[in-house]
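Visitor: Below is a structure I'd like to ask you about.
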Amino acid sequence: MTKNIFIASAEPYTGKSVIAFGMINMLLAKTQKVGYFKPIIAQDDASKKDLHVEAMLDYFSLPIKYEDAFAFTRQDMLHQSENSGEIINTIISKYKKLEDNYDFTVIEGSDFLGEGIAFEFESNALMAKNLGAPVLIVVSGKNKTASQLFKTAINIYRNFLLRDVQVLGVVANMVNPDEAERIKQALTNQLPAELLIAVIPIENGLQSPTMKEITEALGAEILFGADLMDNQVDNFVTGAMMLPNFLRHIKDNLLIVTPGDRGDIIIGSLQANLSANYPKVAGIVLTAGTLPDEPMIKLIEGLQTIIPIIAVQKGTFETTTAIGAIHSKITIDNKKKIALAIELFERYVDIKALDDKIITFNYEGITPHMFQYQLVKWAKSKKKHIVLPEGNDDRILKAVEKLIAQDIVDITLLGDPVEISTSIKRLGLNLDLNSIHIHNPAHSAHYDNYVETLYDLRKAKNVNMEMARDMMTDVSYFGTMMVYKGDADGMVSGAVHTTQHTIRPALQFVKTKPGVSVVSSIFFMCLPERVAIFGDCAVNPNPTAQQLAEIAISSAESSAKFGIEPRIAMLSYSSGTSGEGEDVERVREATAIVKMRHPELKIEGPIQYDAAVDPLVGKQKLPGSEVAGRASVLIFPDLNTGNNTYKAVQRETGALAIGPMLQGLNKPINDLSRGCTVDDIFNTVVITAIQCQDV
């Protein structure tokens, strides 16, 4: 049974990291114990860590020490090239220490930079053979014709076979999109049928360096825009012409290279970036050691939006040559590129076929990474339309960029289109306005129809037509009406508005499901080892026994829907029959109601938190219980306890809290915390999209 895979190339800059990130992400969705090992790293500076290894360990929170993730630097290897036997022994020894602790290990071959390429290929083949690892070959299609790429792939495959190394498949990466199908067909026809063949088109988002990478490569000084150094540079142009002619050369994510005394080019670039009629400018490089005059500096400092402006001592020609030679890397601080790499892997590699060729895990329980991976996959399986009423909030826009890049949902933003467009530019987001819908409620084509509908629904509650018109200019009412009318499948709000502001319209006309009398909420708590459900931590201050029972039943249904076996703990300050008092009795009564209505559910209550989650304490306090020590759904007796507990657990353990997800409404409307992060918004939209699949 295969326990590892070796990702190998035979040339530099093949984009192996895309495959490595994708592989580990795929495996972590199936098992918690995944190792990563790169026998030889290209570490030029002994005082600095290898950027790729560091990013891999950090992004996936792999419990591997940095020094255990590799055996040699490339320089060490070349110096010891005559002692190949000793080198292999050291690599095997370090690898075996990892292998013993993991279900599966991804091994990444060396990078083939500079001299010694022939020796490096022999070393990689020898390593794969000695580690018993089948090879996944990665070849680059960049700057190659289809014929050249095909010949390279066949030659590398044959060379591995000649050395008795098992090959699982061939990935042609960074190919011309127009040639992708032809290349895949040619490789499929010429290589053995049992090989996995994948072709990944070139992706600018991975190839293009960031302003930070350019600044470091040039040794430049940052003058302005230090907070936008992750701007992606897709093109660059020399600003050596007259301004009107220069403006014709502005493209998306452009870097302008110009001497510092060209004030016209600098101001023209800044104005073009602000203009709705020009694409986004990524940054400016000032060359030849010249800086703008003091009045120009003062003018730039007073602008509301400043793109990155950096300065170098070298001349314009030398600077542009250096920029053209930069190979962008996926680093620890560029989560956007990592997410894009994983998305490309999932889109173009047949994951099921690859999985069948390596191993299938049967892991009991569900880890946080498995849970998040499955959520995104689930949401993508049946794409839904989500409306976000707070369209001009920076966090919302950043989350939308991620959601659209991964093609998870369709999005409608509510707000002023010009303001939203300006914010997207100001934040430096790669978000095409044509990929989303934007509605300003008062000017929307839906406005009059929505007003009429609201009036009809609420006139019995003393809402007149004028009031309906006023209410429908409110983004919460407009967004909720979009969902009610079927113009959107679900809504997520609350980054700016209160919980009451968000859910009041839903309670007024979306209403609760049949048989449900209380709207409640749950959080998916992604703890270090497992995922638990906490409810209700956001809506009901002091639920009655009947309401607690409904919250427990709704939470159990949600738990099962999201792949978590429901074992319900009805929490209190007492376990079993030992405690007395009004609060304990309320929990005891609620537990009895659940057992009566749903005898098939595993439920325990009243029970204390430690007895619910700690197996030793659970066994001691409630021996023989199916829930004690193993609870997956924890129902808190009141909002004060629930809200404080989820926040305490989140802060003290570093757990990711996804939610709140509202339960009981006829259509999915979800509320955010006003302190939410971009990831919180992303995750809440994903779970809302999944909820929509049942409506």
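Identifiers in this document derive from the order of the structure tokens: chains are assigned A, B, ..., residues are numbered from 1 separately in each chain, and ligands are numbered from 1 in order of occurrence.
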Report as a ChimeraX atom specification all protein, DNA and RNA residues lying within 9 Å of region 7-21 of chain A, evaluated on only C-alpha atoms, omitting residues in the same chain fewer than 3 positions from it.
Guide: /A:24-26,36,52,56,60,106-114,117-118,120-121,124-125,128,134-142,156,171-174,206,327,329-330,338-342,344-345
Visitor: Do a neighbour search on Ala442 (chain A) at 8 Å with only C-alpha atoms, toss out local chain neighbours closer than 3 positions, and write the hits as a list of chain:residue names.
Guide: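 The residues that qualify are A:Tyr447, A:Met472, A:Thr473.
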Visitor: How about saving the chosen residues, all heavy atoms kept, as a JSON list (two decimals), in the first residue's frame?
Guide:
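Written file, result-v9.json:
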```json
[["chain", "number", "residue", "atom", "x", "y", "z"],
["A", 447, "TYR", "N", -36.96, 47.63, -7.37],
["A", 447, "TYR", "CA", -37.43, 48.42, -6.23],
["A", 447, "TYR", "C", -38.96, 48.51, -6.14],
["A", 447, "TYR", "O", -39.55, 48.18, -5.10],
["A", 447, "TYR", "CB", -36.82, 49.83, -6.29],
["A", 447, "TYR", "CG", -37.31, 50.76, -5.20],
["A", 447, "TYR", "CD1", -36.89, 50.62, -3.88],
["A", 447, "TYR", "CD2", -38.21, 51.79, -5.50],
["A", 447, "TYR", "CE1", -37.33, 51.46, -2.88],
["A", 447, "TYR", "CE2", -38.67, 52.63, -4.51],
["A", 447, "TYR", "CZ", -38.23, 52.48, -3.21],
["A", 447, "TYR", "OH", -38.68, 53.32, -2.22],
["A", 472, "MET", "N", -37.84, 49.78, 2.03],
["A", 472, "MET", "CA", -37.17, 49.05, 0.96],
["A", 472, "MET", "C", -35.88, 49.73, 0.49],
["A", 472, "MET", "O", -35.12, 49.16, -0.30],
["A", 472, "MET", "CB", -38.13, 48.84, -0.23],
["A", 472, "MET", "CG", -37.77, 47.67, -1.13],
["A", 472, "MET", "SD", -37.26, 46.16, -0.28],
["A", 472, "MET", "CE", -38.76, 45.73, 0.59],
["A", 473, "THR", "N", -35.61, 50.95, 0.97],
["A", 473, "THR", "CA", -34.29, 51.55, 0.69],
["A", 473, "THR", "C", -33.25, 51.02, 1.66],
["A", 473, "THR", "O", -32.05, 51.23, 1.48],
["A", 473, "THR", "CB", -34.35, 53.10, 0.81],
["A", 473, "THR", "OG1", -34.74, 53.46, 2.14],
["A", 473, "THR", "CG2", -35.32, 53.69, -0.20]]
```
Visitor: DSSP on the backbone, strand (DSSP E or B) only: what residues of region 218-448 of chain A does that give? Format it as a ChimeraX atom specification.
Guide: /A:221-224,232,235-238,254-259,281-287,309-311,385-388,410-414,437-439
Visitor: One decimal, in Å: what's the spacing between CA of Gln185 (chain A) and CA of Gln166 (chain A)?
Guide: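 Computing it gives 22.2 Å between the two atoms.
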Visitor: Need the shell around region 90-103 of chain A: protein/DNA/RNA residues with any atom at most 6 Å away, counting only C-alpha atoms. Skip same-chain ones fewer than 6 positions apart. Format as an MDAnalysis selection string?
Guide: chainID A and resid 33:35 71
Visitor: So that I have them on file, write out the residues from the current selection with N, CA and C atoms, as a short mmCIF file (atom, residue, chain, number, x, y, z; two decimals), in the first residue's frame.
Guide:
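Full text of out_30.cif as output:
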```
data_model
loop_
_atom_site.label_atom_id
_atom_site.label_comp_id
_atom_site.auth_asym_id
_atom_site.auth_seq_id
_atom_site.Cartn_x
_atom_site.Cartn_y
_atom_site.Cartn_z
N LYS A 33 -3.22 13.16 9.55
CA LYS A 33 -1.78 12.95 9.70
C LYS A 33 -1.09 12.88 8.34
N VAL A 34 -0.76 14.06 7.80
CA VAL A 34 -0.08 14.16 6.51
C VAL A 34 1.28 14.82 6.73
N GLY A 35 2.33 14.18 6.22
CA GLY A 35 3.68 14.72 6.36
C GLY A 35 4.14 15.39 5.07
N ALA A 71 16.62 17.57 4.30
CA ALA A 71 17.85 16.89 4.70
C ALA A 71 19.09 17.72 4.38
#
```
Visitor: Which is closest to Ala186 (chain A) among A:Leu427, A:Ile411, A:Ala198, A:Ile438, if we use only C-alpha atoms?
Guide: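 Nearest to Ala186 (chain A): A:Ala198.
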Visitor: For each of A:Asn670, A:Asn204, A:Gln232, A:Ser520, take the minimum atom-to-atom distance to Ala689 (chain A), counting only C-alpha atoms, then give the residue where this is smallest.
Guide: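 Using only C-alpha atoms, the shortest distance to Ala689 (chain A) belongs to A:Asn670.
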Visitor: Here is a test: counting only C-alpha atoms, which residue of A:Asn392, A:Ser435, A:Asn155, A:Thr319 is nearest to Asp410 (chain A)?
Guide: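 Smallest separation from Asp410 (chain A) among the options: A:Ser435.
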Visitor: At a cut-off of 9 Å, using only C-alpha atoms, what residues contact Ala240 (chain A)? Leave out same-chain residues fewer than 6 positions from it and give the result as an mmCIF file with N, CA, C and O atoms, in the first residue's frame.
Guide:
```cif
data_model
loop_
_atom_site.group_PDB
_atom_site.id
_atom_site.type_symbol
_atom_site.label_atom_id
_atom_site.label_comp_id
_atom_site.auth_asym_id
_atom_site.auth_seq_id
_atom_site.Cartn_x
_atom_site.Cartn_y
_atom_site.Cartn_z
ATOM 1 N N PHE A 246 1.455 57.730 -23.296
ATOM 2 C CA PHE A 246 1.691 56.786 -22.195
ATOM 3 C C PHE A 246 0.373 56.202 -21.688
ATOM 4 O O PHE A 246 0.270 54.997 -21.422
ATOM 5 N N VAL A 257 7.636 51.940 -14.883
ATOM 6 C CA VAL A 257 9.054 52.164 -14.576
ATOM 7 C C VAL A 257 9.460 53.484 -15.216
ATOM 8 O O VAL A 257 9.408 53.628 -16.450
ATOM 9 N N THR A 258 9.856 54.458 -14.391
ATOM 10 C CA THR A 258 10.139 55.798 -14.921
ATOM 11 C C THR A 258 11.115 56.538 -14.001
ATOM 12 O O THR A 258 11.146 56.270 -12.796
ATOM 13 N N PRO A 259 11.913 57.441 -14.536
ATOM 14 C CA PRO A 259 12.772 58.252 -13.656
ATOM 15 C C PRO A 259 11.930 59.102 -12.701
ATOM 16 O O PRO A 259 10.797 59.485 -13.031
ATOM 17 N N ARG A 262 10.055 62.487 -13.665
ATOM 18 C CA ARG A 262 8.937 62.544 -14.622
ATOM 19 C C ARG A 262 7.631 62.706 -13.850
ATOM 20 O O ARG A 262 6.801 61.793 -13.751
ATOM 21 N N ILE A 265 4.315 61.735 -15.614
ATOM 22 C CA ILE A 265 4.007 60.297 -15.676
ATOM 23 C C ILE A 265 3.501 59.810 -14.320
ATOM 24 O O ILE A 265 2.538 59.031 -14.235
#
```
Visitor: Can you list, as a PyMOL selection string, all residues belonging to region 169-296 of chain A that DSSP tags as helix (DSSP H, G or I)?
Guide: chain A and resi 177-190+204-207+211-218+226-228+243-247+263-274+294-296
Visitor: Can you list, as a JSON list (two decimals) with N, CA, C and O atoms, in the first residue's frame, every protein, DNA or RNA residue that comes within 10 Å of Cys692 (chain A) when you count only C-alpha atoms, leaving out same-chain residues fewer than 6 positions away?
Guide:
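Dumped to part.json:
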```
[["chain", "number", "residue", "atom", "x", "y", "z"],
["A", 379, "ALA", "N", -20.32, 23.29, -1.49],
["A", 379, "ALA", "CA", -20.92, 24.53, -2.00],
["A", 379, "ALA", "C", -20.74, 24.63, -3.52],
["A", 379, "ALA", "O", -21.65, 25.08, -4.24],
["A", 382, "LYS", "N", -23.23, 22.62, -6.27],
["A", 382, "LYS", "CA", -24.51, 23.15, -6.73],
["A", 382, "LYS", "C", -24.50, 24.65, -6.45],
["A", 382, "LYS", "O", -24.96, 25.12, -5.43],
["A", 383, "LYS", "N", -23.95, 25.39, -7.38],
["A", 383, "LYS", "CA", -23.65, 26.81, -7.18],
["A", 383, "LYS", "C", -24.91, 27.63, -6.89],
["A", 383, "LYS", "O", -25.90, 27.52, -7.59],
["A", 384, "LYS", "N", -24.84, 28.45, -5.84],
["A", 384, "LYS", "CA", -25.97, 29.26, -5.43],
["A", 384, "LYS", "C", -25.65, 30.75, -5.50],
["A", 384, "LYS", "O", -24.50, 31.16, -5.66],
["A", 385, "HIS", "N", -26.69, 31.57, -5.36],
["A", 385, "HIS", "CA", -26.60, 33.03, -5.49],
["A", 385, "HIS", "C", -26.83, 33.66, -4.12],
["A", 385, "HIS", "O", -27.91, 33.52, -3.55],
["A", 386, "ILE", "N", -25.82, 34.35, -3.60],
["A", 386, "ILE", "CA", -25.89, 34.95, -2.27],
["A", 386, "ILE", "C", -25.84, 36.47, -2.38],
["A", 386, "ILE", "O", -25.02, 37.02, -3.12],
["A", 488, "ALA", "N", -32.37, 35.88, -5.17],
["A", 488, "ALA", "CA", -31.13, 35.37, -4.57],
["A", 488, "ALA", "C", -31.53, 34.17, -3.73],
["A", 488, "ALA", "O", -32.67, 34.05, -3.30],
["A", 489, "ASP", "N", -30.59, 33.26, -3.53],
["A", 489, "ASP", "CA", -30.91, 32.04, -2.76],
["A", 489, "ASP", "C", -30.73, 32.23, -1.26],
["A", 489, "ASP", "O", -31.40, 31.57, -0.47],
["A", 490, "GLY", "N", -29.81, 33.12, -0.87],
["A", 490, "GLY", "CA", -29.56, 33.33, 0.55],
["A", 490, "GLY", "C", -28.91, 34.67, 0.78],
["A", 490, "GLY", "O", -28.47, 35.34, -0.17],
["A", 491, "MET", "N", -28.85, 35.10, 2.05],
["A", 491, "MET", "CA", -28.28, 36.40, 2.39],
["A", 491, "MET", "C", -27.35, 36.26, 3.58],
["A", 491, "MET", "O", -27.60, 35.49, 4.51],
["A", 667, "LYS", "N", -35.98, 30.36, 4.57],
["A", 667, "LYS", "CA", -34.90, 30.53, 3.60],
["A", 667, "LYS", "C", -33.64, 30.98, 4.34],
["A", 667, "LYS", "O", -33.73, 31.64, 5.38],
["A", 668, "PRO", "N", -32.45, 30.65, 3.79],
["A", 668, "PRO", "CA", -31.21, 30.93, 4.52],
["A", 668, "PRO", "C", -30.85, 32.42, 4.60],
["A", 668, "PRO", "O", -30.58, 33.06, 3.59],
["A", 669, "ILE", "N", -30.88, 32.94, 5.83],
["A", 669, "ILE", "CA", -30.42, 34.30, 6.13],
["A", 669, "ILE", "C", -29.43, 34.14, 7.28],
["A", 669, "ILE", "O", -29.77, 33.57, 8.32],
["A", 686, "VAL", "N", -20.12, 30.38, 2.51],
["A", 686, "VAL", "CA", -20.05, 28.98, 2.06],
["A", 686, "VAL", "C", -21.14, 28.14, 2.73],
["A", 686, "VAL", "O", -21.85, 27.38, 2.07]]
```
Visitor: Under the rule that only C-alpha atoms are counted, which of A:Ile88, A:Gly563, A:Phe104, A:Leu656 is the nearest residue to Phe37 (chain A)?
Guide: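 Looking at the shortest contact to Phe37 (chain A), the residue is A:Phe104.
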Visitor: What's the 12 Å shell around Ser275 (chain A), counting only C-alpha atoms, without same-chain residues fewer than 6 positions away, as a short mmCIF file (atom, residue, chain, number, x, y, z; two decimals) with all heavy atoms, in the first residue's frame?
Guide:
```cif
data_model
loop_
_atom_site.label_atom_id
_atom_site.label_comp_id
_atom_site.auth_asym_id
_atom_site.auth_seq_id
_atom_site.Cartn_x
_atom_site.Cartn_y
_atom_site.Cartn_z
N LEU A 247 -0.65 57.04 -21.56
CA LEU A 247 -1.94 56.58 -21.02
C LEU A 247 -2.55 55.47 -21.89
O LEU A 247 -3.30 54.63 -21.39
CB LEU A 247 -2.92 57.75 -20.90
CG LEU A 247 -2.59 58.79 -19.81
CD1 LEU A 247 -3.54 59.97 -19.89
CD2 LEU A 247 -2.64 58.16 -18.42
N ILE A 250 -1.67 51.78 -20.66
CA ILE A 250 -2.04 51.27 -19.34
C ILE A 250 -2.94 50.05 -19.47
O ILE A 250 -3.97 50.08 -20.13
CB ILE A 250 -2.73 52.37 -18.49
CG1 ILE A 250 -1.71 53.47 -18.15
CG2 ILE A 250 -3.31 51.78 -17.20
CD1 ILE A 250 -2.25 54.56 -17.26
N GLY A 268 0.01 61.29 -13.71
CA GLY A 268 -0.88 60.66 -14.68
C GLY A 268 -1.22 59.23 -14.28
O GLY A 268 -2.37 58.79 -14.41
N SER A 269 -0.22 58.51 -13.77
CA SER A 269 -0.44 57.12 -13.33
C SER A 269 -1.37 57.07 -12.13
O SER A 269 -2.27 56.22 -12.06
CB SER A 269 0.90 56.47 -12.97
OG SER A 269 1.79 56.50 -14.06
N VAL A 281 -3.64 50.28 -11.67
CA VAL A 281 -2.18 50.37 -11.72
C VAL A 281 -1.62 49.68 -10.48
O VAL A 281 -2.05 49.93 -9.36
CB VAL A 281 -1.71 51.85 -11.77
CG1 VAL A 281 -0.20 51.94 -11.69
CG2 VAL A 281 -2.24 52.52 -13.03
N THR A 305 -5.89 57.76 -2.01
CA THR A 305 -5.42 56.44 -2.40
C THR A 305 -4.04 56.57 -3.03
O THR A 305 -3.86 57.29 -4.00
CB THR A 305 -6.38 55.80 -3.43
OG1 THR A 305 -7.67 55.73 -2.85
CG2 THR A 305 -5.92 54.41 -3.81
N VAL A 418 -20.52 52.98 -7.99
CA VAL A 418 -19.31 53.80 -8.12
C VAL A 418 -18.46 53.67 -6.87
O VAL A 418 -17.23 53.50 -6.94
CB VAL A 418 -19.66 55.27 -8.41
CG1 VAL A 418 -18.39 56.12 -8.41
CG2 VAL A 418 -20.40 55.40 -9.73
N SER A 421 -16.89 50.21 -6.79
CA SER A 421 -15.81 50.14 -7.78
C SER A 421 -14.56 50.86 -7.27
O SER A 421 -13.43 50.36 -7.39
CB SER A 421 -16.27 50.76 -9.09
OG SER A 421 -15.21 50.83 -10.01
N THR A 422 -14.75 52.04 -6.66
CA THR A 422 -13.62 52.81 -6.12
C THR A 422 -12.94 52.04 -4.99
O THR A 422 -11.71 52.01 -4.90
CB THR A 422 -14.11 54.18 -5.60
OG1 THR A 422 -14.74 54.88 -6.68
CG2 THR A 422 -12.96 55.00 -5.06
N SER A 423 -13.73 51.41 -4.13
CA SER A 423 -13.17 50.63 -3.01
C SER A 423 -12.37 49.44 -3.52
O SER A 423 -11.32 49.11 -2.96
CB SER A 423 -14.28 50.15 -2.08
OG SER A 423 -14.89 51.24 -1.43
N LYS A 425 -10.74 49.23 -6.28
CA LYS A 425 -9.46 49.76 -6.77
C LYS A 425 -8.55 50.16 -5.60
O LYS A 425 -7.36 49.86 -5.58
CB LYS A 425 -9.69 50.97 -7.68
CG LYS A 425 -9.82 50.62 -9.14
CD LYS A 425 -9.60 51.85 -10.00
CE LYS A 425 -9.42 51.47 -11.45
NZ LYS A 425 -9.07 52.62 -12.28
N ARG A 426 -9.15 50.84 -4.62
CA ARG A 426 -8.35 51.30 -3.46
C ARG A 426 -7.72 50.13 -2.73
O ARG A 426 -6.58 50.22 -2.26
CB ARG A 426 -9.27 52.09 -2.52
CG ARG A 426 -8.63 52.48 -1.20
CD ARG A 426 -9.55 53.37 -0.36
NE ARG A 426 -10.85 52.77 -0.15
CZ ARG A 426 -11.11 51.85 0.79
NH1 ARG A 426 -10.14 51.40 1.57
NH2 ARG A 426 -12.33 51.36 0.93
#
```
Visitor: From the set A:Gly629, A:Pro441, A:Pro308, A:Pro177, which residue has the shortest atom-to-atom contact distance to Ala220 (chain A), counting only C-alpha atoms?
Guide: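 Between A:Gly629, A:Pro441, A:Pro308, A:Pro177, the residue approaching Ala220 (chain A) most closely is A:Pro308.
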Visitor: Using only C-alpha atoms, find the one residue out of A:Glu550, A:Val349, A:Glu54, A:Arg597 that sits nearest to Val170 (chain A).
Guide: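 Residue with the minimum atom-to-atom distance to Val170 (chain A): A:Val349.
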